[in-house]
$ cat data.pdb   # PDB, C-alpha atoms and all ligand atoms
ATOM      1  CA  MET C   1      -9.779  21.928  -6.379
ATOM      2  CA  SER C   2      -9.046  23.206  -2.946
ATOM      3  CA  PRO C   3      -8.820  20.322  -0.520
ATOM      4  CA  THR C   4     -10.370  20.649   2.859
ATOM      5  CA  VAL C   5      -8.154  19.860   5.761
ATOM      6  CA  LEU C   6      -9.849  17.292   7.893
ATOM      7  CA  PRO C   7      -8.838  16.263  11.381
ATOM      8  CA  THR C   8      -7.593  12.952  10.157
ATOM      9  CA  ALA C   9      -5.604  10.711  12.385
ATOM     10  CA  PRO C  10      -3.248   8.360  10.551
ATOM     11  CA  ARG C  11      -2.927   6.179  13.616
ATOM     12  CA  ALA C  12      -6.634   5.495  13.558
ATOM     13  CA  VAL C  13      -6.570   3.353  10.455
ATOM     14  CA  HIS C  14      -9.551   1.100  10.602
ATOM     15  CA  VAL C  15      -8.747  -2.579  10.748
ATOM     16  CA  ASP C  16     -11.571  -5.020  10.821
ATOM     17  CA  ALA C  17     -12.170  -8.699  10.441
ATOM     18  CA  SER C  18     -14.141  -8.618   7.228
ATOM     19  CA  THR C  19     -13.275 -11.067   4.532
ATOM     20  CA  ARG C  20     -11.993  -8.726   1.863
ATOM     21  CA  GLN C  21      -8.261  -8.843   1.489
ATOM     22  CA  ASP C  22      -5.960  -5.905   1.290
ATOM     23  CA  SER C  23      -4.117  -5.556  -1.976
ATOM     24  CA  PRO C  24      -2.051  -3.109  -3.954
ATOM     25  CA  SER C  25      -4.925  -1.929  -6.079
ATOM     26  CA  ALA C  26      -7.828  -1.595  -3.692
ATOM     27  CA  GLY C  27      -9.949   1.236  -4.948
ATOM     28  CA  THR C  28      -7.610   1.690  -7.845
ATOM     29  CA  PRO C  29      -8.812  -0.179 -10.881
ATOM     30  CA  ASP C  30      -6.248   1.279 -13.245
ATOM     31  CA  LEU C  31      -8.328  -0.016 -16.096
ATOM     32  CA  HIS C  32      -6.805   2.480 -18.452
ATOM     33  CA  ARG C  33      -3.250   1.421 -17.910
ATOM     34  CA  SER C  34      -3.252  -2.257 -17.435
ATOM     35  CA  SER C  35      -4.677  -5.172 -19.287
ATOM     36  CA  THR C  36      -3.961  -7.563 -16.466
ATOM     37  CA  SER C  37      -6.004  -5.807 -13.821
ATOM     38  CA  GLY C  38      -8.948  -4.944 -16.018
ATOM     39  CA  THR C  39     -10.518  -8.338 -15.772
ATOM     40  CA  LEU C  40     -10.387  -8.309 -12.016
ATOM     41  CA  LEU C  41     -12.352  -5.187 -11.377
ATOM     42  CA  CYS C  42     -15.604  -3.682 -12.455
ATOM     43  CA  VAL C  43     -16.341  -0.014 -12.750
ATOM     44  CA  ASP C  44     -19.761   1.500 -12.558
ATOM     45  CA  GLU C  45     -19.535   3.938 -15.432
ATOM     46  CA  GLY C  46     -22.561   5.828 -14.267
ATOM     47  CA  THR C  47     -20.845   7.224 -11.217
ATOM     48  CA  SER C  48     -17.357   7.817  -9.919
ATOM     49  CA  GLU C  49     -17.702   4.805  -7.686
ATOM     50  CA  VAL C  50     -15.002   2.200  -7.932
ATOM     51  CA  MET C  51     -15.963  -1.370  -7.289
ATOM     52  CA  ARG C  52     -13.869  -3.067  -4.703
ATOM     53  CA  ASP C  53     -10.882  -5.153  -5.589
ATOM     54  CA  THR C  54     -11.306  -8.637  -4.211
ATOM     55  CA  LYS C  55      -8.133 -10.067  -5.644
ATOM     56  CA  ASP C  56      -5.679 -11.737  -3.342
ATOM     57  CA  TRP C  57      -2.278 -10.329  -4.230
ATOM     58  CA  THR C  58      -0.203 -12.968  -2.446
ATOM     59  CA  TRP C  59       0.683 -14.409  -5.866
ATOM     60  CA  VAL C  60       3.169 -11.584  -6.158
ATOM     61  CA  LEU C  61       5.362 -13.542  -3.762
ATOM     62  CA  GLU C  62       5.546 -16.365  -6.275
ATOM     63  CA  ARG C  63       6.173 -14.589  -9.566
ATOM     64  CA  PRO C  64       7.074 -11.133 -10.853
ATOM     65  CA  CYS C  65       4.364  -8.516 -11.107
ATOM     66  CA  GLU C  66       3.586  -7.986 -14.776
ATOM     67  CA  GLN C  67       2.508  -4.439 -14.093
ATOM     68  CA  CYS C  68       5.226  -2.830 -11.997
ATOM     69  CA  GLY C  69       7.936  -5.420 -12.618
ATOM     70  CA  PHE C  70       8.504  -6.175  -8.942
ATOM     71  CA  ASP C  71      10.253  -9.492  -8.372
ATOM     72  CA  ALA C  72       9.877 -10.665  -4.798
ATOM     73  CA  ALA C  73      12.634 -13.241  -5.177
ATOM     74  CA  GLY C  74      15.083 -10.524  -6.131
ATOM     75  CA  VAL C  75      14.588  -8.420  -3.017
ATOM     76  CA  ALA C  76      17.575  -8.356  -0.691
ATOM     77  CA  ARG C  77      16.460  -8.137   2.910
ATOM     78  CA  HIS C  78      18.905  -5.414   3.770
ATOM     79  CA  GLN C  79      17.470  -3.250   0.996
ATOM     80  CA  VAL C  80      13.828  -3.322   2.108
ATOM     81  CA  GLY C  81      14.086  -0.134   4.133
ATOM     82  CA  ALA C  82      15.965   1.745   1.440
ATOM     83  CA  ARG C  83      13.541   0.630  -1.255
ATOM     84  CA  LEU C  84      10.582   1.728   0.846
ATOM     85  CA  ARG C  85      12.178   5.169   1.126
ATOM     86  CA  ALA C  86      13.027   5.347  -2.562
ATOM     87  CA  GLY C  87       9.578   6.456  -3.616
ATOM     88  CA  MET C  88       9.480   9.508  -1.401
ATOM     89  CA  PRO C  89      10.875  11.980  -3.972
ATOM     90  CA  THR C  90       8.102  10.938  -6.346
ATOM     91  CA  TRP C  91       5.439  11.450  -3.710
ATOM     92  CA  HIS C  92       6.849  14.804  -2.615
ATOM     93  CA  ARG C  93       6.932  16.013  -6.203
ATOM     94  CA  LEU C  94       3.392  14.884  -6.925
ATOM     95  CA  LEU C  95       1.915  16.143  -3.671
ATOM     96  CA  SER C  96       3.432  19.585  -4.145
ATOM     97  CA  GLY C  97       2.395  19.809  -7.775
ATOM     98  CA  PRO C  98      -0.723  21.006  -9.554
ATOM     99  CA  THR C  99      -2.085  17.526 -10.170
ATOM    100  CA  ALA C 100      -1.987  16.337  -6.566
ATOM    101  CA  THR C 101      -5.734  16.191  -6.174
ATOM    102  CA  ARG C 102      -6.567  15.418  -9.786
ATOM    103  CA  ARG C 103      -7.841  12.010 -10.707
ATOM    104  CA  PRO C 104      -6.559  10.985 -14.154
ATOM    105  CA  ASP C 105     -10.023   9.627 -14.746
ATOM    106  CA  PRO C 106     -13.072   9.298 -12.528
ATOM    107  CA  THR C 107     -12.250   5.798 -11.407
ATOM    108  CA  THR C 108      -8.533   6.116 -10.685
ATOM    109  CA  TRP C 109      -7.236   7.627  -7.495
ATOM    110  CA  SER C 110      -5.468  10.977  -7.532
ATOM    111  CA  PRO C 111      -1.835  11.104  -6.354
ATOM    112  CA  LEU C 112      -3.171  12.439  -3.060
ATOM    113  CA  GLU C 113      -5.469   9.461  -2.587
ATOM    114  CA  TYR C 114      -2.684   7.031  -3.458
ATOM    115  CA  ALA C 115      -0.363   8.797  -1.038
ATOM    116  CA  CYS C 116      -2.918   8.560   1.760
ATOM    117  CA  HIS C 117      -3.238   4.875   1.020
ATOM    118  CA  VAL C 118       0.521   4.261   1.054
ATOM    119  CA  ARG C 119       0.821   6.174   4.324
ATOM    120  CA  ASP C 120      -1.820   3.911   5.836
ATOM    121  CA  VAL C 121      -0.224   0.799   4.337
ATOM    122  CA  HIS C 122       2.915   1.703   6.254
ATOM    123  CA  ILE C 123       0.952   2.144   9.469
ATOM    124  CA  VAL C 124      -0.742  -1.220   9.063
ATOM    125  CA  PHE C 125       2.477  -3.020   8.192
ATOM    126  CA  SER C 126       4.358  -1.368  11.039
ATOM    127  CA  ALA C 127       1.810  -2.941  13.338
ATOM    128  CA  ARG C 128       2.042  -6.278  11.571
ATOM    129  CA  VAL C 129       5.823  -6.394  11.764
ATOM    130  CA  ALA C 130       5.586  -5.628  15.465
ATOM    131  CA  MET C 131       3.060  -8.442  15.885
ATOM    132  CA  VAL C 132       5.293 -10.949  14.107
ATOM    133  CA  LEU C 133       8.247  -9.954  16.246
ATOM    134  CA  GLY C 134       6.316  -9.897  19.501
ATOM    135  CA  GLN C 135       3.911 -12.798  19.179
ATOM    136  CA  HIS C 136       3.978 -16.396  18.054
ATOM    137  CA  ASP C 137       2.127 -16.901  14.783
ATOM    138  CA  PRO C 138      -0.239 -13.939  15.153
ATOM    139  CA  GLU C 139      -3.338 -13.558  12.992
ATOM    140  CA  PHE C 140      -3.772 -10.257  11.192
ATOM    141  CA  ALA C 141      -7.238  -8.804  11.011
ATOM    142  CA  ASN C 142      -8.146  -7.851   7.493
ATOM    143  CA  TRP C 143      -7.716  -4.206   6.653
ATOM    144  CA  ASP C 144     -10.546  -2.857   4.518
ATOM    145  CA  GLN C 145      -8.675  -0.381   2.360
ATOM    146  CA  ASP C 146     -11.688   0.917   0.487
ATOM    147  CA  GLU C 147     -13.608   1.545   3.670
ATOM    148  CA  THR C 148     -10.603   3.392   5.046
ATOM    149  CA  ALA C 149     -10.319   5.557   1.931
ATOM    150  CA  GLU C 150     -13.943   6.535   2.301
ATOM    151  CA  SER C 151     -14.086   6.985   6.046
ATOM    152  CA  GLN C 152     -10.835   8.938   6.127
ATOM    153  CA  ALA C 153     -11.914  11.041   3.127
ATOM    154  CA  TYR C 154      -8.619  10.611   1.318
ATOM    155  CA  ALA C 155      -9.646  12.975  -1.474
ATOM    156  CA  GLU C 156     -10.264  15.793   1.000
ATOM    157  CA  GLN C 157      -6.987  15.580   2.902
ATOM    158  CA  ASP C 158      -4.350  18.274   2.655
ATOM    159  CA  PRO C 159      -1.518  17.277   0.276
ATOM    160  CA  ALA C 160       1.204  19.008   2.293
ATOM    161  CA  THR C 161       0.064  17.335   5.483
ATOM    162  CA  VAL C 162      -0.123  13.970   3.764
ATOM    163  CA  ALA C 163       3.386  14.454   2.390
ATOM    164  CA  ARG C 164       4.697  14.987   5.909
ATOM    165  CA  GLU C 165       2.746  12.046   7.300
ATOM    166  CA  LEU C 166       3.845   9.785   4.483
ATOM    167  CA  ALA C 167       7.490  10.722   5.038
ATOM    168  CA  GLN C 168       7.118  10.073   8.753
ATOM    169  CA  GLU C 169       5.451   6.683   8.349
ATOM    170  CA  THR C 170       7.842   5.633   5.589
ATOM    171  CA  GLU C 171      10.791   6.368   7.803
ATOM    172  CA  ARG C 172       9.203   4.658  10.788
ATOM    173  CA  VAL C 173       8.584   1.371   9.042
ATOM    174  CA  ALA C 174      11.789   1.464   6.989
ATOM    175  CA  ALA C 175      13.752   1.865  10.190
ATOM    176  CA  ALA C 176      11.911  -1.107  11.664
ATOM    177  CA  TYR C 177      13.187  -3.258   8.818
ATOM    178  CA  ASP C 178      16.656  -1.713   8.916
ATOM    179  CA  VAL C 179      17.372  -3.050  12.394
ATOM    180  CA  LEU C 180      16.605  -6.656  11.472
ATOM    181  CA  ASP C 181      19.641  -8.822  10.837
ATOM    182  CA  PRO C 182      19.293  -9.952   7.208
ATOM    183  CA  THR C 183      21.243 -13.144   7.943
ATOM    184  CA  ASP C 184      19.062 -14.271  10.868
ATOM    185  CA  GLU C 185      17.028 -16.985   9.159
ATOM    186  CA  ALA C 186      15.053 -17.867  12.288
ATOM    187  CA  LEU C 187      13.980 -14.271  12.643
ATOM    188  CA  TRP C 188      12.796 -13.914   9.048
ATOM    189  CA  ALA C 189      11.003 -17.257   9.278
ATOM    190  CA  ARG C 190       8.761 -16.110  12.122
ATOM    191  CA  PRO C 191       5.194 -16.961  11.049
ATOM    192  CA  ALA C 192       1.931 -15.080  10.850
ATOM    193  CA  ARG C 193      -1.458 -15.603   9.263
ATOM    194  CA  ARG C 194      -4.019 -13.421   7.657
ATOM    195  CA  SER C 195      -7.674 -13.799   8.531
ATOM    196  CA  ASN C 196      -8.374 -15.538   5.210
ATOM    197  CA  GLY C 197      -5.804 -18.213   5.967
ATOM    198  CA  SER C 198      -2.912 -16.866   3.929
ATOM    199  CA  VAL C 199       0.317 -17.765   5.666
ATOM    200  CA  PHE C 200       3.197 -15.333   5.905
ATOM    201  CA  THR C 201       6.628 -15.197   7.393
ATOM    202  CA  LEU C 202       8.354 -11.991   8.333
ATOM    203  CA  ASP C 203      10.328 -12.431   5.124
ATOM    204  CA  SER C 204       7.291 -12.734   2.854
ATOM    205  CA  LEU C 205       5.471 -10.002   4.743
ATOM    206  CA  ALA C 206       8.324  -7.594   4.040
ATOM    207  CA  ARG C 207       8.371  -8.504   0.350
ATOM    208  CA  TYR C 208       4.588  -8.199   0.104
ATOM    209  CA  HIS C 209       4.715  -4.804   1.799
ATOM    210  CA  LEU C 210       7.479  -3.581  -0.479
ATOM    211  CA  HIS C 211       5.590  -4.650  -3.573
ATOM    212  CA  ASP C 212       2.495  -2.817  -2.421
ATOM    213  CA  VAL C 213       4.467   0.394  -2.032
ATOM    214  CA  GLU C 214       6.495   0.102  -5.217
ATOM    215  CA  HIS C 215       3.373  -0.834  -7.161
ATOM    216  CA  HIS C 216       1.744   2.422  -6.162
ATOM    217  CA  VAL C 217       4.759   4.417  -7.282
ATOM    218  CA  TRP C 218       4.215   2.675 -10.602
ATOM    219  CA  ASP C 219       0.526   3.581 -10.416
ATOM    220  CA  VAL C 220       1.318   7.293 -10.267
ATOM    221  CA  ARG C 221       4.094   7.260 -12.873
ATOM    222  CA  PRO C 222       3.794   9.791 -15.685
ATOM    223  CA  ALA C 223       1.620   8.691 -18.589
ATOM    224  CA  GLY C 224       3.695   6.835 -21.138
ATOM    225  CA  ALA C 225       6.501   6.092 -18.724
TER
HETATM  226 ZN    ZN G 301       3.166  -4.701  -8.972
END
$ encode --input "data.pdb" --output "structure tokens"
Amino acid sequence: MSPTVLPTAPRAVHVDASTRQDSPSAGTPDLHRSSTSGTLLCVDEGTSEVMRDTKDWTWVLERPCEQCGFDAAGVARHQVGARLRAGMPTWHRLLSGPTATRRPDPTTWSPLEYACHVRDVHIVFSARVAMVLGQHDPEFANWDQDETAESQAYAEQDPATVARELAQETERVAAAYDVLDPTDEALWARPARRSNGSVFTLDSLARYHLHDVEHHVWDVRPAGA
């Protein structure tokens, strides 16, 4: 498959006020790898369409993720930036390899599509962190991840370009966390809300963000790993 380079603009990630909640597995049913996600998603076997994930993933702040093993309670604030960066070698390897654009099955994203998604997750969370720091109790508009994947034609983007963009956005948001004093409790307690009513603090937002990113590294792990 030879991907077509589209004039995509990572900064133009669509954020709307619809009711669907962003989550680590939007558009990525992973039915063939996980028993825990299979009941949450439906796949239309007649096409390559993936039904949308409507699960609210905020539970991952309360207990470890049974899929990727992420434990929000075990995240040290000063390590958030470094852990966000830690997946980059995996993404670079996958995006420069022969399977970059290959979906493991018709209903699971290719590494390229996952990488586009993670890049855009970073862009959205960069904006959210800035909102929490700059406003009192801001409300985040919902980000429709599936709509973004379709409108931005993730599958048609250029893997090398996406690798560069992902590296850039990873560094940008990791650096934003790096400068925050991990001992400043008032800072990390700054509140925010999502449009569905979920309540976050800067602290829980960072942990939620990190899980999303680490979960997708798990999503693209080698079969059997
Ligand atoms: Zn997970």
$ closest_residue --input "data.pdb" --among "C:Asp144, C:Asp219, C:Asp212, C:Glu62" --to "Leu84 (chain C)" --atoms "all atoms listed in the file"
C:Asp212
$ resolve_selection --input "data.pdb" --expression "the PyMOL selection byres (((chain C and resi 198-205) around 8) and not hetatm)" --output "list in words"
Thr58, Leu61, Arg77, Val129, Val132, Leu187, Trp188, Ala189, Arg190, Pro191, Ala192, Arg193, Arg194, Ser195, Asn196, Gly197, Ala206, Arg207, Tyr208 and His209 of chain C
$ residues_near_ligand --input "data.pdb" --ligand "ligand ZN 301 (chain G)" --cutoff "12 Å" --atoms "only C-alpha atoms and all ligand atoms" --output "number ranges by chain"
C: 23-25, 30, 34, 36-37, 57-61, 63-72, 207-219
$ atom_distance --input "data.pdb" --atom1 "CA of Gln145 (chain C)" --atom2 "CA of His117 (chain C)"
7.7 Å
$ resolve_selection --input "data.pdb" --expression "the PyMOL selection byres (((chain C and resi 89-105) around 9) and not hetatm)" --output "MDAnalysis selection string"
chainID C and resid 1:3 32 48 85:88 106:113 115 155:156 159:160 162:164 166:167 217 220:221
$ atom_distance --input "data.pdb" --atom1 "CA of Ala82 (chain C)" --atom2 "CA of Val121 (chain C)"
16.5 Å
